[in-house]
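Let me begin by presenting the structure, written as structure tokens, before commenting on it.
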Amino acid sequence: MASEAGTKSRRIESNFADVHPALTDDEAVAEASRCLYCYDAPCMRACPTRIDIPGFIRQILHRNPIGSARTILDANIFGGSCARVCPTDVLCEGACVDNTLLKAPVQIGRLQRFACDTAAEASLGFYSPGAATRRRVAVIGAGPAGLTCAHELRKRGHDVTIYEAGKVAGGLNTLGIAAYKITTDFALTEVNRILAMGVVLRLNTPVDGTRLASLLSEYDAVFLSIGLGRTAPLDIPGEKLKGVWESLEFIFQTHTKPLAKCKVGRRVVVVGGGNTAMDAANAAIKLGAESVTIAYRRDRGAMPAFDHEYDYTIGNAVQFEWNARPVRIVGKGGKAIGLRCIRTRQSKSQRGAKLTDVPKSEFTIPADMVIKALGQEPLADLLTSIPKLKLNRKRRIVIDPTTGATSVPKLFAGGDCALTPMEEVVSAVQSGKVGAAGIHAMLSEVKR
Ligand code: SF4
């Protein structure tokens, strides 16, 4: 029995092995030699943080991975994480293949990972705080946007305290991306490089509207990077049944428990068509589900998940039920036993196209676990409690894109609470950089 459990545990661990294993030294040099070092490099323009991609690739070619890591981290302090989780085929590598004569793009993500891993293994921090300004900034939320903002502000000598509601720093980059893409340990390595700059981190410290008002009067500036809240409900009967999960809750467990102890159903249905739905479905298969089906109310052409995520999911034998709109979670004895859906018809094969139900087309997908992956909702209660804070119609904070400033004096914002949905870690990092520069400019102008 014990050895059977050990075999199962090893199998699950191996299922979660790196999707894109690290390059060896010689492989990295060989890959770097493929770069054309393009003038006005299109890859660089496609990177939201504007990493000097040909520059860091050239350093790898000259067997200087530490210098290469420094080039990357100067532009993106989460360079190692982004190397693992960025959709490189639609960003830098997509630009490389589209704009050069290469048959296949340079593997920029894997080269970036090679350099950043080399620096992480050598425990290199690279940065130190700037000369003290005695200006104090509060950052609310320790995700990639807040941590990047804190890092940039410490480089400029400002004191920074981060208030984080959760138990762990790093936000979704640490806990919300499937563990086969990024491990908790690596994500925390990059968090710790930032904290080592003398950032004060207060975990388990949620901030409400009243507390935020007092922070605004206590500190010289506040950067709001609280991310988003719970997964949107399906609004159908049966959501309270045992066996119904939120996608992030399902993925979180792969970072917070031994993989063999993670809960998974025998037959799993994931509802949604975004990248998080793909992550949840792949994680369920890797945890040992016998069958996993993704139910999406539109067709393949309208699905928001990236092509590479879809291809990877198909490769893991996940089934898709297209044009399937959930109408009820079927239960027995308080537990989920299936997802009842109705077929839909689309006016066009694209997102936002009008959907109509096909009469008499209901069917049930048997399932003992139903994972909701419809995207997260804004933290509306907090945002609407802040007087004069301007929100857009999707209840995200309206900011000046050049400074991160909000409609409230001294309050800046970035990350998912201010960006449009479907943004990536790399965009959150950039918004943290913009917010820090905006705060620094304001503090430099305001005389004490
Ligand atoms: Fe190198 Fe491709 Fe970037 Fe050109 S576009 S500099 S070939 S990585």
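Letters A, B, ... mark the chains of the structure tokens in the order given; residue numbers begin at 1 per chain; ligand numbers begin at 1, in order shown.
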
Write as number ranges by chain the residues around ligand 1, taking 6 Å as the cut-off and counting only C-alpha atoms and all ligand atoms.
A: 35-38, 41-43, 54, 96, 106

Could those selected residues go to a file with N, CA, C and O atoms, as a PDB file, in the first residue's frame?
ATOM      1  N   CYS A  35      20.380  34.489 -33.134  1.00  0.00           N
ATOM      2  CA  CYS A  35      19.819  35.851 -33.160  1.00  0.00           C
ATOM      3  C   CYS A  35      20.503  36.700 -34.226  1.00  0.00           C
ATOM      4  O   CYS A  35      21.714  36.611 -34.423  1.00  0.00           O
ATOM      5  N   LEU A  36      19.719  37.505 -34.921  1.00  0.00           N
ATOM      6  CA  LEU A  36      20.251  38.372 -35.990  1.00  0.00           C
ATOM      7  C   LEU A  36      20.622  39.755 -35.457  1.00  0.00           C
ATOM      8  O   LEU A  36      21.063  40.595 -36.194  1.00  0.00           O
ATOM      9  N   TYR A  37      20.381  40.001 -34.163  1.00  0.00           N
ATOM     10  CA  TYR A  37      20.663  41.311 -33.539  1.00  0.00           C
ATOM     11  C   TYR A  37      20.086  42.434 -34.407  1.00  0.00           C
ATOM     12  O   TYR A  37      20.787  43.339 -34.838  1.00  0.00           O
ATOM     13  N   CYS A  38      18.814  42.318 -34.649  1.00  0.00           N
ATOM     14  CA  CYS A  38      18.125  43.230 -35.571  1.00  0.00           C
ATOM     15  C   CYS A  38      18.250  44.683 -35.119  1.00  0.00           C
ATOM     16  O   CYS A  38      18.151  44.978 -33.921  1.00  0.00           O
ATOM     17  N   ALA A  41      15.093  46.299 -32.915  1.00  0.00           N
ATOM     18  CA  ALA A  41      14.609  44.925 -32.746  1.00  0.00           C
ATOM     19  C   ALA A  41      13.108  44.837 -32.484  1.00  0.00           C
ATOM     20  O   ALA A  41      12.610  45.375 -31.488  1.00  0.00           O
ATOM     21  N   PRO A  42      12.366  44.130 -33.361  1.00  0.00           N
ATOM     22  CA  PRO A  42      10.909  44.017 -33.167  1.00  0.00           C
ATOM     23  C   PRO A  42      10.536  43.264 -31.888  1.00  0.00           C
ATOM     24  O   PRO A  42       9.507  43.543 -31.277  1.00  0.00           O
ATOM     25  N   CYS A  43      11.397  42.322 -31.479  1.00  0.00           N
ATOM     26  CA  CYS A  43      11.101  41.554 -30.255  1.00  0.00           C
ATOM     27  C   CYS A  43      11.027  42.496 -29.062  1.00  0.00           C
ATOM     28  O   CYS A  43      10.180  42.350 -28.180  1.00  0.00           O
ATOM     29  N   PRO A  54      18.017  41.811 -27.789  1.00  0.00           N
ATOM     30  CA  PRO A  54      19.269  41.456 -28.483  1.00  0.00           C
ATOM     31  C   PRO A  54      20.488  41.654 -27.589  1.00  0.00           C
ATOM     32  O   PRO A  54      21.463  40.900 -27.666  1.00  0.00           O
ATOM     33  N   CYS A  96       9.509  38.211 -33.416  1.00  0.00           N
ATOM     34  CA  CYS A  96      10.744  37.716 -34.039  1.00  0.00           C
ATOM     35  C   CYS A  96      10.415  36.931 -35.301  1.00  0.00           C
ATOM     36  O   CYS A  96      10.957  37.192 -36.360  1.00  0.00           O
ATOM     37  N   VAL A 106      13.750  32.911 -32.429  1.00  0.00           N
ATOM     38  CA  VAL A 106      14.732  32.626 -31.382  1.00  0.00           C
ATOM     39  C   VAL A 106      13.936  32.329 -30.106  1.00  0.00           C
ATOM     40  O   VAL A 106      12.933  33.002 -29.822  1.00  0.00           O
TER      41      VAL A 106
END

Pull the strand (DSSP E) assignments for region 139-239 of chain A out of DSSP run on the backbone, and list those residues as JSON, numbers by chain.
{"A": [139, 140, 159, 160, 161, 162, 163, 200, 201, 202, 221, 222, 223, 224]}

Selection from above, N, CA and C atoms, as an mmCIF file, in the first residue's frame, can you write it?
data_model
loop_
_atom_site.group_PDB
_atom_site.id
_atom_site.type_symbol
_atom_site.label_atom_id
_atom_site.label_comp_id
_atom_site.auth_asym_id
_atom_site.auth_seq_id
_atom_site.Cartn_x
_atom_site.Cartn_y
_atom_site.Cartn_z
ATOM 1 N N VAL A 139 2.341 50.658 -0.267
ATOM 2 C CA VAL A 139 1.882 49.880 -1.422
ATOM 3 C C VAL A 139 0.845 48.893 -0.902
ATOM 4 N N ILE A 140 -0.320 48.878 -1.538
ATOM 5 C CA ILE A 140 -1.382 47.966 -1.083
ATOM 6 C C ILE A 140 -1.460 46.810 -2.067
ATOM 7 N N ASP A 159 11.255 55.156 1.353
ATOM 8 C CA ASP A 159 10.857 54.063 2.257
ATOM 9 C C ASP A 159 9.538 53.471 1.761
ATOM 10 N N VAL A 160 9.460 52.150 1.777
ATOM 11 C CA VAL A 160 8.238 51.504 1.268
ATOM 12 C C VAL A 160 7.745 50.454 2.252
ATOM 13 N N THR A 161 6.446 50.503 2.540
ATOM 14 C CA THR A 161 5.788 49.446 3.317
ATOM 15 C C THR A 161 4.687 48.857 2.452
ATOM 16 N N ILE A 162 4.708 47.526 2.331
ATOM 17 C CA ILE A 162 3.657 46.850 1.552
ATOM 18 C C ILE A 162 2.658 46.219 2.516
ATOM 19 N N TYR A 163 1.393 46.466 2.275
ATOM 20 C CA TYR A 163 0.296 45.848 3.036
ATOM 21 C C TYR A 163 -0.345 44.774 2.150
ATOM 22 N N VAL A 200 9.498 46.921 3.651
ATOM 23 C CA VAL A 200 8.787 46.341 4.807
ATOM 24 C C VAL A 200 7.527 45.668 4.277
ATOM 25 N N LEU A 201 7.352 44.382 4.614
ATOM 26 C CA LEU A 201 6.191 43.635 4.124
ATOM 27 C C LEU A 201 5.305 43.244 5.296
ATOM 28 N N ARG A 202 4.049 43.664 5.252
ATOM 29 C CA ARG A 202 3.089 43.269 6.294
ATOM 30 C C ARG A 202 2.071 42.317 5.685
ATOM 31 N N ALA A 221 2.669 59.006 -0.404
ATOM 32 C CA ALA A 221 1.916 58.502 -1.573
ATOM 33 C C ALA A 221 1.492 57.068 -1.285
ATOM 34 N N VAL A 222 0.458 56.636 -2.006
ATOM 35 C CA VAL A 222 -0.021 55.249 -1.875
ATOM 36 C C VAL A 222 -0.153 54.672 -3.283
ATOM 37 N N PHE A 223 0.341 53.437 -3.452
ATOM 38 C CA PHE A 223 0.180 52.724 -4.731
ATOM 39 C C PHE A 223 -0.774 51.566 -4.486
ATOM 40 N N LEU A 224 -1.885 51.576 -5.229
ATOM 41 C CA LEU A 224 -2.921 50.566 -5.033
ATOM 42 C C LEU A 224 -2.756 49.475 -6.087
#

Residue contacts of region 129-136 of chain A (9 Å, only C-alpha atoms) excluding same-chain residues fewer than 5 positions away, as an MDAnalysis selection string
chainID A and resid 151 153:161 197:198 218:222 443

Please provide as a VMD selection string all residues within 7 Å of region 234-239 of chain A, with the sequence filter that same-chain residues fewer than 4 positions apart are discarded (counting only C-alpha atoms).
chain A and resid 244 327 to 331

Mind writing the picked residues with N, CA and C atoms as a PDB file, in the first residue's frame?
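What ended up in result_25.pdb:
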ATOM      1  N   VAL A 244     -17.840  21.595  -6.165  1.00  0.00           N
ATOM      2  CA  VAL A 244     -17.789  22.774  -7.049  1.00  0.00           C
ATOM      3  C   VAL A 244     -16.678  23.683  -6.545  1.00  0.00           C
ATOM      4  N   VAL A 327     -26.435  25.289 -17.489  1.00  0.00           N
ATOM      5  CA  VAL A 327     -27.716  25.770 -16.960  1.00  0.00           C
ATOM      6  C   VAL A 327     -27.938  25.310 -15.519  1.00  0.00           C
ATOM      7  N   ARG A 328     -27.215  24.243 -15.083  1.00  0.00           N
ATOM      8  CA  ARG A 328     -27.418  23.725 -13.733  1.00  0.00           C
ATOM      9  C   ARG A 328     -26.296  22.760 -13.397  1.00  0.00           C
ATOM     10  N   ILE A 329     -25.885  22.786 -12.135  1.00  0.00           N
ATOM     11  CA  ILE A 329     -24.968  21.741 -11.686  1.00  0.00           C
ATOM     12  C   ILE A 329     -25.847  20.682 -11.031  1.00  0.00           C
ATOM     13  N   VAL A 330     -25.758  19.483 -11.542  1.00  0.00           N
ATOM     14  CA  VAL A 330     -26.628  18.407 -11.063  1.00  0.00           C
ATOM     15  C   VAL A 330     -26.010  17.809  -9.807  1.00  0.00           C
ATOM     16  N   GLY A 331     -26.843  17.606  -8.782  1.00  0.00           N
ATOM     17  CA  GLY A 331     -26.318  17.068  -7.530  1.00  0.00           C
ATOM     18  C   GLY A 331     -27.077  15.850  -7.041  1.00  0.00           C
TER      19      GLY A 331
END

At a cut-off of 9 Å, using only C-alpha atoms, what residues contact Leu111 (chain A)? Leave out same-chain residues fewer than 5 positions from it and give the result as a list in words.
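Once the adjacent positions are removed, what remains is Ala22, Leu23, Ala28, Val29, Glu31, Ala32, Phe56, Ile57, Ile60, Ala83, Val106 and Cys116 of chain A.
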
For Val264 (chain A), find every residue with an atom within 7 Å (counting only C-alpha atoms), except residues of its own chain fewer than 6 positions away, and show them as a ChimeraX atom specification.
/A:284,287,289

List every residue of region 168-266 of chain A that has an atom at most 8 Å from any atom of region 2-18 of chain A, and for each one report the closest atom pair and its distance in Å to one decimal, counting only C-alpha atoms, with rows sorted by chain and then by increasing residue number, as CSV.
residue,atom,partner,partner_atom,distance
A:Ala179,CA,A:Phe16,CA,6.7
A:Tyr180,CA,A:Phe16,CA,4.5
A:Lys181,CA,A:Asp18,CA,6.2
A:Ile182,CA,A:Asp18,CA,7.7
A:Leu259,CA,A:Glu13,CA,6.7
A:Ala260,CA,A:Ser9,CA,5.1

Take the residues that were just selected and, keeping N, CA and C atoms, output them as a PDB file, in the first residue's frame.
ATOM      1  N   ALA A 179       1.316  25.035 -11.301  1.00  0.00           N
ATOM      2  CA  ALA A 179       2.655  24.754 -10.779  1.00  0.00           C
ATOM      3  C   ALA A 179       3.571  24.080 -11.803  1.00  0.00           C
ATOM      4  N   TYR A 180       3.015  23.579 -12.922  1.00  0.00           N
ATOM      5  CA  TYR A 180       3.901  22.999 -13.946  1.00  0.00           C
ATOM      6  C   TYR A 180       4.559  24.095 -14.794  1.00  0.00           C
ATOM      7  N   LYS A 181       4.078  25.352 -14.616  1.00  0.00           N
ATOM      8  CA  LYS A 181       4.704  26.456 -15.345  1.00  0.00           C
ATOM      9  C   LYS A 181       5.730  27.174 -14.473  1.00  0.00           C
ATOM     10  N   ILE A 182       5.376  27.389 -13.218  1.00  0.00           N
ATOM     11  CA  ILE A 182       6.286  28.100 -12.309  1.00  0.00           C
ATOM     12  C   ILE A 182       6.124  27.513 -10.902  1.00  0.00           C
ATOM     13  N   LEU A 259       1.707  17.765  -3.868  1.00  0.00           N
ATOM     14  CA  LEU A 259       0.820  17.515  -5.018  1.00  0.00           C
ATOM     15  C   LEU A 259      -0.059  16.279  -4.797  1.00  0.00           C
ATOM     16  N   ALA A 260       0.508  15.249  -4.151  1.00  0.00           N
ATOM     17  CA  ALA A 260      -0.264  14.016  -3.950  1.00  0.00           C
ATOM     18  C   ALA A 260      -1.446  14.230  -2.999  1.00  0.00           C
TER      19      ALA A 260
END

If you run DSSP over the backbone, which residues in region 202-292 of chain A end up alpha helix (DSSP H)? Put them as a PyMOL selection string.
chain A and resi 209-218+247-256+275-287

Saved selection, atoms kept: N, CA and C atoms, as a short mmCIF file (atom, residue, chain, number, x, y, z; two decimals), in the first residue's frame:
data_model
loop_
_atom_site.label_atom_id
_atom_site.label_comp_id
_atom_site.auth_asym_id
_atom_site.auth_seq_id
_atom_site.Cartn_x
_atom_site.Cartn_y
_atom_site.Cartn_z
N GLY A 209 -11.57 50.66 2.93
CA GLY A 209 -11.63 52.07 2.54
C GLY A 209 -11.21 53.01 3.65
N THR A 210 -11.60 52.70 4.90
CA THR A 210 -11.27 53.58 6.03
C THR A 210 -9.75 53.58 6.26
N ARG A 211 -9.18 52.38 6.22
CA ARG A 211 -7.72 52.27 6.45
C ARG A 211 -6.97 52.97 5.31
N LEU A 212 -7.48 52.83 4.10
CA LEU A 212 -6.81 53.47 2.97
C LEU A 212 -6.80 54.98 3.15
N ALA A 213 -7.92 55.54 3.63
CA ALA A 213 -7.98 56.99 3.85
C ALA A 213 -6.92 57.39 4.87
N SER A 214 -6.72 56.58 5.92
CA SER A 214 -5.70 56.98 6.91
C SER A 214 -4.29 56.79 6.35
N LEU A 215 -4.09 55.77 5.49
CA LEU A 215 -2.76 55.61 4.88
C LEU A 215 -2.43 56.80 3.98
N LEU A 216 -3.47 57.31 3.29
CA LEU A 216 -3.24 58.46 2.41
C LEU A 216 -2.80 59.69 3.21
N SER A 217 -3.27 59.80 4.46
CA SER A 217 -2.80 60.96 5.23
C SER A 217 -1.47 60.67 5.94
N GLU A 218 -1.20 59.37 6.24
CA GLU A 218 0.07 59.02 6.92
C GLU A 218 1.27 59.05 5.98
N SER A 247 -11.63 28.22 -9.90
CA SER A 247 -10.38 27.81 -10.57
C SER A 247 -9.14 28.21 -9.77
N LEU A 248 -9.13 29.43 -9.21
CA LEU A 248 -7.91 29.87 -8.51
C LEU A 248 -7.70 29.07 -7.22
N GLU A 249 -8.80 28.76 -6.55
CA GLU A 249 -8.72 27.94 -5.34
C GLU A 249 -8.12 26.57 -5.71
N PHE A 250 -8.54 26.04 -6.86
CA PHE A 250 -8.05 24.74 -7.32
C PHE A 250 -6.54 24.81 -7.63
N ILE A 251 -6.14 25.90 -8.30
CA ILE A 251 -4.72 26.04 -8.66
C ILE A 251 -3.87 26.36 -7.42
N PHE A 252 -4.39 27.19 -6.52
CA PHE A 252 -3.65 27.55 -5.29
C PHE A 252 -3.13 26.31 -4.58
N GLN A 253 -4.01 25.27 -4.50
CA GLN A 253 -3.60 24.09 -3.72
C GLN A 253 -2.35 23.44 -4.30
N THR A 254 -2.10 23.58 -5.62
CA THR A 254 -0.91 22.94 -6.21
C THR A 254 0.37 23.66 -5.75
N HIS A 255 0.21 24.85 -5.14
CA HIS A 255 1.37 25.59 -4.62
C HIS A 255 1.47 25.48 -3.09
N THR A 256 0.37 25.11 -2.45
CA THR A 256 0.37 25.19 -0.99
C THR A 256 0.33 23.82 -0.30
N ASN A 275 -7.26 31.37 -20.35
CA ASN A 275 -6.01 30.67 -20.02
C ASN A 275 -6.09 30.00 -18.64
N THR A 276 -6.85 30.61 -17.71
CA THR A 276 -6.97 29.98 -16.39
C THR A 276 -7.76 28.68 -16.49
N ALA A 277 -8.75 28.64 -17.37
CA ALA A 277 -9.50 27.39 -17.58
C ALA A 277 -8.55 26.30 -18.08
N MET A 278 -7.64 26.69 -19.00
CA MET A 278 -6.68 25.69 -19.53
C MET A 278 -5.75 25.21 -18.40
N ASP A 279 -5.26 26.17 -17.59
CA ASP A 279 -4.38 25.81 -16.46
C ASP A 279 -5.08 24.82 -15.53
N ALA A 280 -6.33 25.11 -15.20
CA ALA A 280 -7.07 24.25 -14.27
C ALA A 280 -7.28 22.87 -14.87
N ALA A 281 -7.63 22.82 -16.16
CA ALA A 281 -7.87 21.52 -16.82
C ALA A 281 -6.58 20.70 -16.86
N ASN A 282 -5.48 21.34 -17.24
CA ASN A 282 -4.20 20.61 -17.31
C ASN A 282 -3.76 20.14 -15.93
N ALA A 283 -3.96 21.01 -14.93
CA ALA A 283 -3.57 20.63 -13.56
C ALA A 283 -4.41 19.43 -13.11
N ALA A 284 -5.70 19.42 -13.46
CA ALA A 284 -6.57 18.30 -13.05
C ALA A 284 -6.09 16.99 -13.68
N ILE A 285 -5.75 17.04 -14.95
CA ILE A 285 -5.24 15.83 -15.62
C ILE A 285 -3.95 15.36 -14.93
N LYS A 286 -3.05 16.32 -14.65
CA LYS A 286 -1.76 15.97 -14.05
C LYS A 286 -1.93 15.42 -12.63
N LEU A 287 -3.00 15.87 -11.96
CA LEU A 287 -3.23 15.37 -10.59
C LEU A 287 -3.89 13.99 -10.60
#

Could you pull the residues within 12 Å of Arg393 (chain A), counting only C-alpha atoms, minus those fewer than 2 positions along the same chain, as a VMD selection string?
chain A and resid 378 380 390 to 391 395 to 398 418 420

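Note that the spacing between CA of Thr100 (chain A) and CA of Tyr312 (chain A) amounts to 25.9 Å.
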